[in-house]
file start_18.cif (mmCIF, C-alpha atoms and all ligand atoms)
data_data
loop_
_atom_site.label_atom_id
_atom_site.label_comp_id
_atom_site.auth_asym_id
_atom_site.auth_seq_id
_atom_site.Cartn_x
_atom_site.Cartn_y
_atom_site.Cartn_z
CA MET A 1 44.94 -23.58 29.82
CA SER A 2 43.67 -20.05 29.75
CA ASP A 3 47.18 -18.68 29.25
CA ILE A 4 47.31 -19.83 25.64
CA ALA A 5 47.34 -16.78 23.42
CA ALA A 6 44.54 -16.25 20.98
CA PRO A 7 45.23 -17.51 17.47
CA ARG A 8 46.46 -14.60 15.41
CA SER A 9 46.00 -15.98 11.96
CA SER A 10 43.96 -13.59 9.92
CA THR A 11 40.30 -14.38 9.62
CA ARG A 12 39.74 -16.28 6.46
CA SER A 13 37.82 -14.71 3.67
CA ARG A 14 35.51 -16.87 1.65
CA SER A 15 34.97 -14.39 -1.17
CA LEU A 16 36.34 -15.44 -4.53
CA LYS A 17 35.27 -12.35 -6.44
CA GLY A 18 36.91 -8.96 -6.68
CA GLY A 19 40.00 -9.29 -8.89
CA GLY A 20 42.03 -11.32 -6.46
CA ARG A 21 41.02 -9.10 -3.56
CA ASN A 22 38.02 -9.36 -1.38
CA ARG A 23 35.89 -6.50 -0.08
CA SER A 24 38.17 -5.74 2.79
CA GLY A 25 41.05 -5.37 0.35
CA GLN A 26 42.99 -8.49 1.31
CA THR A 27 44.06 -11.09 -1.17
CA ASN A 28 42.45 -14.50 -1.01
CA PHE A 29 45.67 -16.21 0.01
CA GLU A 30 44.20 -17.48 3.27
CA LEU A 31 41.20 -18.89 1.45
CA TYR A 32 43.35 -20.82 -0.99
CA SER A 33 45.58 -21.98 1.81
CA TRP A 34 42.52 -23.20 3.73
CA LEU A 35 41.28 -25.07 0.64
CA PHE A 36 44.73 -26.49 -0.06
CA MET A 37 44.95 -27.93 3.47
CA ARG A 38 41.75 -29.84 2.84
CA LEU A 39 42.48 -31.07 -0.69
CA SER A 40 46.05 -32.08 0.11
CA GLY A 41 44.80 -33.73 3.31
CA LEU A 42 42.46 -35.97 1.31
CA ALA A 43 45.24 -36.99 -1.08
CA LEU A 44 47.63 -37.60 1.83
CA VAL A 45 45.25 -40.06 3.46
CA VAL A 46 45.77 -42.40 0.50
CA LEU A 47 49.44 -41.59 -0.09
CA VAL A 48 50.69 -41.80 3.50
CA LEU A 49 48.49 -44.68 4.66
CA GLY A 50 49.42 -46.58 1.46
CA HIS A 51 53.10 -45.89 2.15
CA LEU A 52 52.82 -47.16 5.72
CA PHE A 53 50.87 -50.21 4.62
CA THR A 54 53.34 -51.33 1.93
CA ASN A 55 56.40 -50.61 4.07
CA LEU A 56 55.26 -51.77 7.51
CA MET A 57 52.46 -54.30 7.02
CA LEU A 58 53.18 -56.26 3.83
CA GLY A 59 55.84 -58.98 3.72
CA GLY A 60 58.38 -58.74 6.50
CA GLY A 61 57.33 -55.20 7.39
CA ILE A 62 60.06 -53.12 8.99
CA THR A 63 62.50 -56.06 9.04
CA ALA A 64 62.50 -56.20 5.23
CA LEU A 65 63.56 -52.57 4.69
CA ASP A 66 67.01 -52.06 3.21
CA PHE A 67 68.72 -50.63 0.14
CA GLY A 68 67.47 -53.52 -1.99
CA PHE A 69 63.89 -52.87 -0.89
CA VAL A 70 64.12 -49.23 -1.99
CA ALA A 71 65.75 -50.25 -5.28
CA GLY A 72 62.93 -52.69 -5.92
CA LYS A 73 60.28 -50.08 -5.21
CA TRP A 74 61.80 -47.27 -7.22
CA ALA A 75 62.32 -49.58 -10.21
CA ASN A 76 58.57 -49.08 -10.59
CA PRO A 77 57.56 -45.62 -11.85
CA LEU A 78 54.30 -45.89 -9.89
CA TRP A 79 56.20 -45.75 -6.60
CA GLN A 80 58.44 -42.96 -7.87
CA VAL A 81 55.42 -40.83 -8.67
CA TRP A 82 53.75 -41.90 -5.42
CA ASP A 83 56.73 -40.84 -3.32
CA LEU A 84 57.20 -37.62 -5.28
CA LEU A 85 53.57 -36.58 -4.75
CA MET A 86 53.72 -37.59 -1.11
CA LEU A 87 56.92 -35.60 -0.59
CA TRP A 88 55.57 -32.41 -2.15
CA LEU A 89 52.08 -32.55 -0.72
CA ALA A 90 53.17 -33.54 2.79
CA MET A 91 55.85 -30.83 2.88
CA LEU A 92 53.52 -28.11 1.55
CA HIS A 93 50.69 -29.19 3.84
CA GLY A 94 52.96 -29.56 6.86
CA SER A 95 54.79 -26.26 6.23
CA ASN A 96 51.55 -24.40 5.70
CA GLY A 97 50.25 -25.86 8.97
CA MET A 98 53.46 -24.81 10.75
CA ARG A 99 52.99 -21.29 9.34
CA THR A 100 49.56 -21.08 10.98
CA ILE A 101 51.04 -22.27 14.25
CA ILE A 102 53.86 -19.69 14.11
CA ASN A 103 51.25 -16.98 13.48
CA ASP A 104 49.31 -18.22 16.49
CA TYR A 105 52.07 -18.40 19.05
CA ALA A 106 54.96 -16.11 18.05
CA GLU A 107 54.14 -12.76 19.59
CA LYS A 108 56.82 -10.48 18.20
CA ASP A 109 57.01 -9.59 14.51
CA GLN A 110 60.73 -10.27 14.56
CA THR A 111 60.33 -13.70 16.07
CA ARG A 112 57.68 -14.57 13.51
CA PHE A 113 59.83 -13.37 10.67
CA TRP A 114 62.81 -15.47 11.68
CA LEU A 115 60.76 -18.56 12.43
CA LYS A 116 59.10 -18.33 9.04
CA ALA A 117 62.44 -17.75 7.31
CA LEU A 118 63.76 -20.89 9.02
CA LEU A 119 60.62 -22.83 8.06
CA ILE A 120 60.79 -21.84 4.39
CA THR A 121 64.49 -22.62 4.20
CA ALA A 122 64.03 -26.04 5.77
CA ALA A 123 61.06 -26.82 3.52
CA ILE A 124 62.92 -25.88 0.33
CA VAL A 125 66.01 -27.87 1.29
CA ILE A 126 63.96 -30.98 2.10
CA VAL A 127 61.74 -30.82 -1.00
CA VAL A 128 64.70 -30.27 -3.35
CA LEU A 129 66.79 -32.97 -1.68
CA GLY A 130 63.93 -35.49 -1.65
CA THR A 131 63.12 -34.81 -5.31
CA LEU A 132 66.74 -35.20 -6.38
CA VAL A 133 67.02 -38.45 -4.44
CA ILE A 134 64.04 -39.97 -6.26
CA PHE A 135 65.28 -38.90 -9.70
CA THR A 136 68.98 -39.65 -9.31
CA PHE A 137 68.64 -42.91 -7.41
CA ASP A 138 71.12 -45.49 -8.68
CA PRO A 139 70.18 -49.08 -7.77
CA CYS A 140 73.51 -50.34 -9.14
CA LEU A 141 75.41 -48.67 -6.28
CA ASP A 142 74.76 -52.05 -4.73
CA PRO A 143 77.19 -54.54 -6.35
CA SER A 144 74.98 -57.49 -5.42
CA SER A 145 71.93 -55.96 -7.04
CA THR A 146 69.88 -58.49 -8.95
CA LEU A 147 67.86 -55.88 -10.85
CA SER A 148 68.12 -56.40 -14.61
CA VAL A 149 69.24 -52.80 -15.25
CA CYS A 150 72.47 -53.50 -13.38
CA LYS A 151 73.61 -56.47 -15.46
CA MET B 1 41.40 -16.63 25.37
CA VAL B 2 41.42 -20.35 24.96
CA PRO B 3 41.67 -21.84 21.50
CA GLY B 4 38.37 -23.52 21.05
CA SER B 5 36.38 -20.95 22.96
CA GLY B 6 34.65 -20.04 19.75
CA LEU B 7 35.98 -16.54 19.26
CA SER B 8 38.60 -17.17 16.64
CA SER B 9 38.13 -20.03 14.26
CA ASP B 10 34.89 -21.70 15.02
CA ARG B 11 35.19 -24.44 12.40
CA ARG B 12 37.68 -26.28 14.59
CA ILE B 13 35.30 -26.59 17.42
CA GLY B 14 32.87 -29.36 18.07
CA LEU B 15 30.21 -27.48 19.94
CA PRO B 16 27.99 -29.91 21.81
CA SER B 17 24.40 -29.61 20.74
CA LYS B 18 23.03 -29.08 24.23
CA PRO B 19 24.65 -27.35 27.15
CA ARG B 20 26.22 -29.90 29.46
CA ILE B 21 27.19 -29.65 33.04
CA ILE B 22 30.79 -30.52 33.59
CA PRO B 23 31.30 -32.32 36.85
CA PRO B 24 33.85 -30.63 39.09
CA GLY B 25 37.15 -32.30 39.80
CA THR B 26 37.41 -34.43 36.68
CA LEU B 27 40.49 -34.33 34.58
CA TYR B 28 38.40 -33.72 31.50
CA ARG B 29 37.39 -30.13 30.99
CA GLY B 30 36.17 -28.25 27.99
CA HIS B 31 34.52 -29.59 24.91
CA GLU B 32 35.64 -32.52 22.81
CA GLY B 33 36.46 -29.97 20.13
CA MET B 34 39.06 -28.47 22.41
CA TRP B 35 41.17 -31.55 22.93
CA SER B 36 40.72 -32.79 19.38
CA TRP B 37 41.97 -29.41 18.17
CA VAL B 38 45.01 -29.57 20.45
CA ALA B 39 45.67 -33.19 19.44
CA HIS B 40 45.35 -32.36 15.75
CA ARG B 41 47.92 -29.61 16.17
CA ILE B 42 50.38 -31.68 18.22
CA THR B 43 50.20 -34.66 15.86
CA GLY B 44 50.63 -32.36 12.83
CA VAL B 45 53.80 -30.84 14.29
CA GLY B 46 55.13 -34.27 15.28
CA ILE B 47 54.61 -35.73 11.81
CA PHE B 48 56.21 -32.66 10.23
CA PHE B 49 59.43 -33.04 12.24
CA PHE B 50 59.50 -36.78 11.59
CA LEU B 51 59.23 -36.08 7.86
CA LEU B 52 62.21 -33.70 7.89
CA VAL B 53 64.40 -36.40 9.46
CA HIS B 54 62.86 -39.14 7.30
CA VAL B 55 63.77 -37.44 4.01
CA LEU B 56 67.33 -37.01 5.32
CA ASP B 57 67.65 -40.69 6.25
CA THR B 58 66.17 -41.78 2.91
CA ALA B 59 68.70 -39.52 1.16
CA LEU B 60 71.43 -41.89 2.37
CA VAL B 61 70.50 -44.19 -0.54
CA ARG B 62 72.53 -41.71 -2.61
CA VAL B 63 75.56 -42.11 -0.34
CA SER B 64 75.99 -45.88 -0.23
CA PRO B 65 73.93 -49.01 0.37
CA GLU B 66 75.90 -49.59 3.59
CA ALA B 67 75.16 -46.12 4.97
CA TYR B 68 71.46 -46.50 4.23
CA ASN B 69 71.23 -50.01 5.64
CA GLU B 70 72.96 -48.97 8.82
CA VAL B 71 70.57 -46.10 9.50
CA ILE B 72 67.41 -47.95 8.44
CA GLY B 73 68.68 -50.70 10.76
CA THR B 74 68.00 -48.43 13.73
CA TYR B 75 64.33 -48.39 12.67
CA LYS B 76 64.26 -52.09 13.58
CA ASN B 77 65.51 -51.54 17.13
CA PRO B 78 62.80 -52.23 19.77
CA VAL B 79 62.87 -48.72 21.26
CA VAL B 80 62.55 -47.10 17.83
CA GLY B 81 59.94 -49.74 17.00
CA LEU B 82 57.81 -48.43 19.84
CA MET B 83 58.28 -44.86 18.59
CA GLU B 84 56.97 -46.01 15.21
CA VAL B 85 53.85 -47.25 16.97
CA GLY B 86 53.43 -43.75 18.38
CA LEU B 87 54.04 -42.17 14.97
CA VAL B 88 51.47 -44.36 13.24
CA GLY B 89 48.95 -43.74 16.04
CA ALA B 90 49.47 -40.01 15.56
CA ILE B 91 49.08 -40.22 11.78
CA LEU B 92 45.91 -42.30 12.01
CA PHE B 93 44.41 -39.76 14.38
CA HIS B 94 45.50 -36.74 12.31
CA ALA B 95 44.23 -38.33 9.08
CA PHE B 96 40.76 -39.30 10.28
CA ASN B 97 40.29 -36.26 12.47
CA GLY B 98 41.31 -34.26 9.37
CA ILE B 99 38.57 -35.97 7.36
CA ARG B 100 36.15 -35.09 10.15
CA LEU B 101 37.16 -31.41 9.89
CA ILE B 102 36.65 -31.55 6.13
CA LEU B 103 33.20 -33.10 6.53
CA VAL B 104 32.20 -30.47 9.05
CA ASP B 105 33.27 -27.77 6.58
CA PHE B 106 31.88 -29.17 3.33
CA TRP B 107 29.05 -31.52 4.19
CA ALA B 108 25.87 -29.60 4.88
CA LYS B 109 24.85 -31.98 7.66
CA GLY B 110 28.39 -32.22 9.06
CA PRO B 111 28.01 -29.64 11.83
CA ARG B 112 24.83 -31.34 13.02
CA HIS B 113 26.58 -34.67 13.39
CA GLN B 114 29.64 -33.41 15.27
CA ARG B 115 29.39 -35.93 18.09
CA LYS B 116 28.78 -38.89 15.81
CA LEU B 117 31.72 -37.87 13.61
CA MET B 118 33.98 -37.71 16.68
CA ILE B 119 32.89 -41.16 17.75
CA ALA B 120 33.47 -42.45 14.21
CA VAL B 121 37.04 -41.08 14.30
CA GLY B 122 37.60 -42.95 17.57
CA ILE B 123 36.21 -46.21 16.21
CA ILE B 124 38.18 -46.08 12.94
CA TRP B 125 41.30 -45.25 14.89
CA VAL B 126 40.96 -48.30 17.16
CA VAL B 127 40.01 -50.62 14.29
CA LEU B 128 43.11 -49.70 12.27
CA PHE B 129 45.56 -49.13 15.12
CA VAL B 130 45.09 -52.38 17.06
CA PRO B 131 45.88 -54.76 14.15
CA PHE B 132 48.75 -52.49 13.15
CA VAL B 133 50.30 -52.65 16.62
CA ILE B 134 50.00 -56.43 16.77
CA ARG B 135 51.62 -57.00 13.39
CA HIS B 136 54.28 -54.32 13.72
CA LEU B 137 55.40 -55.36 17.19
CA SER B 138 55.57 -58.99 16.12
CA HIS B 139 58.00 -57.86 13.38
CA VAL B 140 59.99 -55.67 15.75
CA PHE B 141 60.23 -58.25 18.53
CA GLY B 142 60.92 -61.05 16.05
CA GLY B 143 57.61 -62.86 15.93
C1 LIG A 201 47.07 -38.09 6.37
C2 LIG A 201 46.27 -37.20 5.84
C3 LIG A 201 46.10 -35.81 6.41
C4 LIG A 201 44.90 -35.15 6.53
C5 LIG A 201 43.50 -35.68 6.15
C6 LIG A 201 45.19 -33.86 7.08
C7 LIG A 201 44.24 -32.88 7.29
C8 LIG A 201 44.47 -31.68 7.88
C9 LIG A 201 43.48 -30.64 8.06
C10 LIG A 201 42.03 -30.69 7.57
C11 LIG A 201 44.08 -29.64 8.73
C12 LIG A 201 43.39 -28.39 9.25
C13 LIG A 201 43.76 -27.15 8.57
C14 LIG A 201 43.04 -25.98 9.21
O1 LIG A 201 42.67 -26.05 10.40
O2 LIG A 201 42.83 -25.02 8.48
C15 LIG A 201 45.46 -30.01 8.98
C16 LIG A 201 46.37 -29.25 9.67
C17 LIG A 201 47.71 -29.59 9.82
N1 LIG A 201 48.34 -30.71 9.30
FE1 LIG A 201 47.45 -32.23 8.33
N2 LIG A 201 46.55 -33.74 7.31
C18 LIG A 201 47.15 -34.90 6.90
C19 LIG A 201 48.51 -35.17 6.91
C20 LIG A 201 49.49 -34.34 7.46
C21 LIG A 201 50.93 -34.58 7.39
C22 LIG A 201 51.61 -35.76 6.66
C23 LIG A 201 51.52 -33.55 8.08
C24 LIG A 201 53.02 -33.27 8.32
C25 LIG A 201 53.92 -33.31 7.38
C26 LIG A 201 50.48 -32.68 8.57
C27 LIG A 201 50.67 -31.52 9.30
C28 LIG A 201 49.69 -30.63 9.65
C29 LIG A 201 49.92 -29.43 10.44
C30 LIG A 201 51.26 -28.98 11.03
C31 LIG A 201 48.68 -28.78 10.54
C32 LIG A 201 48.36 -27.45 11.26
C33 LIG A 201 47.63 -27.72 12.56
C34 LIG A 201 46.97 -26.47 13.12
O3 LIG A 201 46.89 -25.42 12.46
O4 LIG A 201 46.50 -26.57 14.26
N3 LIG A 201 49.25 -33.18 8.17
N4 LIG A 201 45.68 -31.27 8.46
C1 LIG A 202 57.89 -45.74 10.44
C2 LIG A 202 57.28 -45.36 9.38
C3 LIG A 202 57.93 -45.25 8.02
C4 LIG A 202 58.85 -46.07 7.41
C5 LIG A 202 59.46 -47.34 7.95
C6 LIG A 202 59.13 -45.49 6.11
C7 LIG A 202 60.01 -46.04 5.19
C8 LIG A 202 60.37 -45.46 3.98
C9 LIG A 202 61.18 -46.07 2.98
C10 LIG A 202 61.81 -47.47 3.07
C11 LIG A 202 61.31 -45.20 1.95
C12 LIG A 202 62.07 -45.42 0.64
C13 LIG A 202 61.19 -45.41 -0.59
C14 LIG A 202 59.89 -46.16 -0.45
O1 LIG A 202 59.82 -47.19 0.25
O2 LIG A 202 58.89 -45.69 -1.04
C15 LIG A 202 60.56 -44.01 2.29
C16 LIG A 202 60.45 -42.87 1.54
C17 LIG A 202 59.63 -41.81 1.83
N1 LIG A 202 58.76 -41.70 2.90
FE1 LIG A 202 58.56 -43.04 4.40
N2 LIG A 202 58.40 -44.34 5.96
C18 LIG A 202 57.66 -44.15 7.10
C19 LIG A 202 56.78 -43.14 7.35
C20 LIG A 202 56.56 -42.06 6.52
C21 LIG A 202 55.60 -41.00 6.76
C22 LIG A 202 54.72 -40.89 7.97
C23 LIG A 202 55.69 -40.13 5.70
C24 LIG A 202 54.91 -38.85 5.41
C25 LIG A 202 54.53 -38.01 6.28
C26 LIG A 202 56.70 -40.65 4.81
C27 LIG A 202 57.10 -40.04 3.65
C28 LIG A 202 58.09 -40.50 2.81
C29 LIG A 202 58.55 -39.78 1.63
C30 LIG A 202 58.07 -38.40 1.18
C31 LIG A 202 59.52 -40.60 1.02
C32 LIG A 202 60.36 -40.25 -0.23
C33 LIG A 202 61.64 -39.62 0.24
C34 LIG A 202 62.48 -39.02 -0.86
O3 LIG A 202 61.94 -38.35 -1.74
O4 LIG A 202 63.70 -39.18 -0.81
N3 LIG A 202 57.20 -41.82 5.32
N4 LIG A 202 59.98 -44.21 3.54
#
call {"tool": "encode", "arguments": {"input": "start_18.cif", "output": "structure tokens", "more": "lines below"}}
Ligand code: HEM
Ligand code: HEM
result
Amino acid sequence: MSDIAAPRSSTRSRSLKGGGRNRSGQTNFELYSWLFMRLSGLALVVLVLGHLFTNLMLGGGITALDFGFVAGKWANPLWQVWDLLMLWLAMLHGSNGMRTIINDYAEKDQTRFWLKALLITAAIVIVVLGTLVIFTFDPCLDPSSTLSVCK
Amino acid sequence: MVPGSGLSSDRRIGLPSKPRIIPPGTLYRGHEGMWSWVAHRITGVGIFFFLLVHVLDTALVRVSPEAYNEVIGTYKNPVVGLMEVGLVGAILFHAFNGIRLILVDFWAKGPRHQRKLMIAVGIIWVVLFVPFVIRHLSHVFGG
């Protein structure tokens, strides 16, 4: 595997002092990004494993998933907030991880630029779409809905 | 240079505490830190692409109940059911290996217990994954 190129991500600075810049004159972006990966990772353990447990293990598991299941869940603000946090944190964490990987493997500046442009575009589209879906969800699209809001 | 050779980002690497002789001709080469780093990366990318598709399929709840039910129906198909097993296996690894990385970075004694932490990740993975597979597959194959 010796043909794998060396990671090119900039060495992370651990200095927090210096007016937003460290001694070598860089900003601390990589430090914050490194910290964010760890903090969001901890939150995602609970959010994602909880999501998988409620949707795949409880009740009928995968066989019980349908429009009515989603309507039932999103009738509860807890699950709306849960999914919203999971969406944002997983997308920021995942996109930030993909950024590191692009830095590691894309050799040419041009290639890196376009890959990152694609990544940012995809991330924004997905986060905006997912957020709108949670907030504009209409359980009464289903005529046989038994939720009280639809009566 | 090989990722994991210690020259770039050493925190990803589980350096064994004593030098070990690697027997020739085995499939396994390099340190545990090498393959766990590669696996962390591959699982991270896999989960990311799943999530992109997953938000799109969930968005069908805004189109119509029928459209959503039809697409979520494919999740119940046996072949897709097996892919879900792979996805959950990947997430369980990424999550607990991620916690290991965090412990190595923030817990003063973390770096000293590299090997034990790796073994703990393996044990937790098996303990959560095996019951999951049994229950999930019994749903998928109509238990
Ligand atoms: C379940 C809880 C999770 C934990 C504890 C976790 C933890 C971590 C940690 C600690 C890193 C290392 C960052 C670094 O090396 O600086 C990382 C990297 C990464 N994670 Fe996660 N993560 C989780 C969930 C996710 C999810 C849901 C995704 C996808 C949407 C994801 C995608 C990635 C990617 C692409 C990387 C970059 C890998 C690399 O640079 O080699 N992770 N994760
Ligand atoms: C096979 C495994 C999975 C199944 C069957 C599944 C199923 C579902 C279902 C039924 C919903 C609708 C709302 C709800 O139940 O809360 C949903 C939403 C969601 N899921 Fe999953 N999920 C799976 C895995 C994942 C994973 C691994 C992640 C994160 C990396 C994830 C992230 C999300 C997010 C962010 C939403 C909200 C989408 C939106 O904002 O429109 N899911 N999922």
call {"tool": "atom_distance", "arguments": {"input": "start_18.cif", "atom1": "atom O2 of ligand LIG 201 (chain A)", "atom2": "CA of Trp34 in chain A"}}
result
5.1 Å
call {"tool": "closest_residue", "arguments": {"input": "start_18.cif", "among": "B:His113, B:His40, B:Arg62, B:His54", "to": "chain A", "atoms": "only C-alpha atoms"}}
result
B:Arg62
call {"tool": "atom_distance", "arguments": {"input": "start_18.cif", "atom1": "CA of Val125 in chain A", "atom2": "CA of Leu92 in chain B"}}
result
27.0 Å
call {"tool": "atom_distance", "arguments": {"input": "start_18.cif", "atom1": "CA of Ala39 in chain B", "atom2": "CA of Ser33 in chain A"}}
result
20.9 Å
call {"tool": "interface_residues", "arguments": {"input": "start_18.cif", "of": "chain B", "to": "chain A", "cutoff": "9 Å", "atoms": "only C-alpha atoms", "output": "PyMOL selection string"}}
result
chain B and resi 1-3+7-9+41+44-45+47-48+51-52+55-56+58-66+68-70+72-73+75-76+81+88+91-92+95-96+98-99+101-102+132+135-136+139-140+142
call {"tool": "build_atoms", "arguments": {"input": "start_18.cif", "residues": "range 112-137 of chain B", "atoms": "N, CA and C atoms", "output": "compact mmCIF listing (two decimals), in the frame of the given file"}}
result
# COMPACT_ATOMS: atom_id res chain seq x y z
N ARG B 112 25.88 -30.77 12.18
CA ARG B 112 24.83 -31.34 13.02
C ARG B 112 25.24 -32.68 13.60
N HIS B 113 26.19 -33.34 12.92
CA HIS B 113 26.58 -34.67 13.39
C HIS B 113 27.95 -34.68 14.05
N GLN B 114 28.33 -33.54 14.61
CA GLN B 114 29.64 -33.41 15.27
C GLN B 114 29.99 -34.59 16.19
N ARG B 115 29.09 -34.89 17.10
CA ARG B 115 29.39 -35.93 18.09
C ARG B 115 29.58 -37.28 17.43
N LYS B 116 28.68 -37.60 16.48
CA LYS B 116 28.78 -38.89 15.81
C LYS B 116 30.08 -38.98 15.02
N LEU B 117 30.47 -37.85 14.38
CA LEU B 117 31.72 -37.87 13.61
C LEU B 117 32.91 -38.13 14.53
N MET B 118 32.88 -37.50 15.71
CA MET B 118 33.98 -37.71 16.68
C MET B 118 34.07 -39.17 17.08
N ILE B 119 32.90 -39.76 17.33
CA ILE B 119 32.89 -41.16 17.75
C ILE B 119 33.40 -42.03 16.60
N ALA B 120 33.00 -41.69 15.36
CA ALA B 120 33.47 -42.45 14.21
C ALA B 120 34.99 -42.39 14.11
N VAL B 121 35.57 -41.20 14.34
CA VAL B 121 37.04 -41.08 14.30
C VAL B 121 37.66 -42.04 15.32
N GLY B 122 37.08 -42.08 16.52
CA GLY B 122 37.60 -42.95 17.57
C GLY B 122 37.52 -44.42 17.17
N ILE B 123 36.39 -44.80 16.58
CA ILE B 123 36.21 -46.21 16.21
C ILE B 123 37.19 -46.60 15.10
N ILE B 124 37.27 -45.75 14.05
CA ILE B 124 38.18 -46.08 12.94
C ILE B 124 39.62 -46.17 13.45
N TRP B 125 39.95 -45.25 14.36
CA TRP B 125 41.30 -45.25 14.89
C TRP B 125 41.61 -46.58 15.57
N VAL B 126 40.72 -47.04 16.44
CA VAL B 126 40.96 -48.30 17.16
C VAL B 126 41.02 -49.48 16.18
N VAL B 127 40.08 -49.49 15.22
CA VAL B 127 40.01 -50.62 14.29
C VAL B 127 41.27 -50.75 13.44
N LEU B 128 41.89 -49.62 13.07
CA LEU B 128 43.11 -49.70 12.27
C LEU B 128 44.36 -49.84 13.13
N PHE B 129 44.34 -49.19 14.31
CA PHE B 129 45.56 -49.13 15.12
C PHE B 129 45.86 -50.48 15.79
N VAL B 130 44.84 -51.15 16.31
CA VAL B 130 45.09 -52.38 17.06
C VAL B 130 45.76 -53.47 16.18
N PRO B 131 45.20 -53.77 15.00
CA PRO B 131 45.88 -54.76 14.15
C PRO B 131 47.28 -54.30 13.75
N PHE B 132 47.42 -53.00 13.50
CA PHE B 132 48.75 -52.49 13.15
C PHE B 132 49.75 -52.80 14.26
N VAL B 133 49.38 -52.47 15.50
CA VAL B 133 50.30 -52.65 16.62
C VAL B 133 50.70 -54.12 16.75
N ILE B 134 49.71 -55.01 16.62
CA ILE B 134 50.00 -56.43 16.77
C ILE B 134 51.01 -56.89 15.71
N ARG B 135 50.74 -56.53 14.45
CA ARG B 135 51.62 -57.00 13.39
C ARG B 135 53.00 -56.33 13.46
N HIS B 136 53.00 -55.03 13.69
CA HIS B 136 54.28 -54.32 13.72
C HIS B 136 55.16 -54.81 14.86
N LEU B 137 54.58 -54.94 16.05
CA LEU B 137 55.40 -55.36 17.19
C LEU B 137 55.88 -56.80 17.02
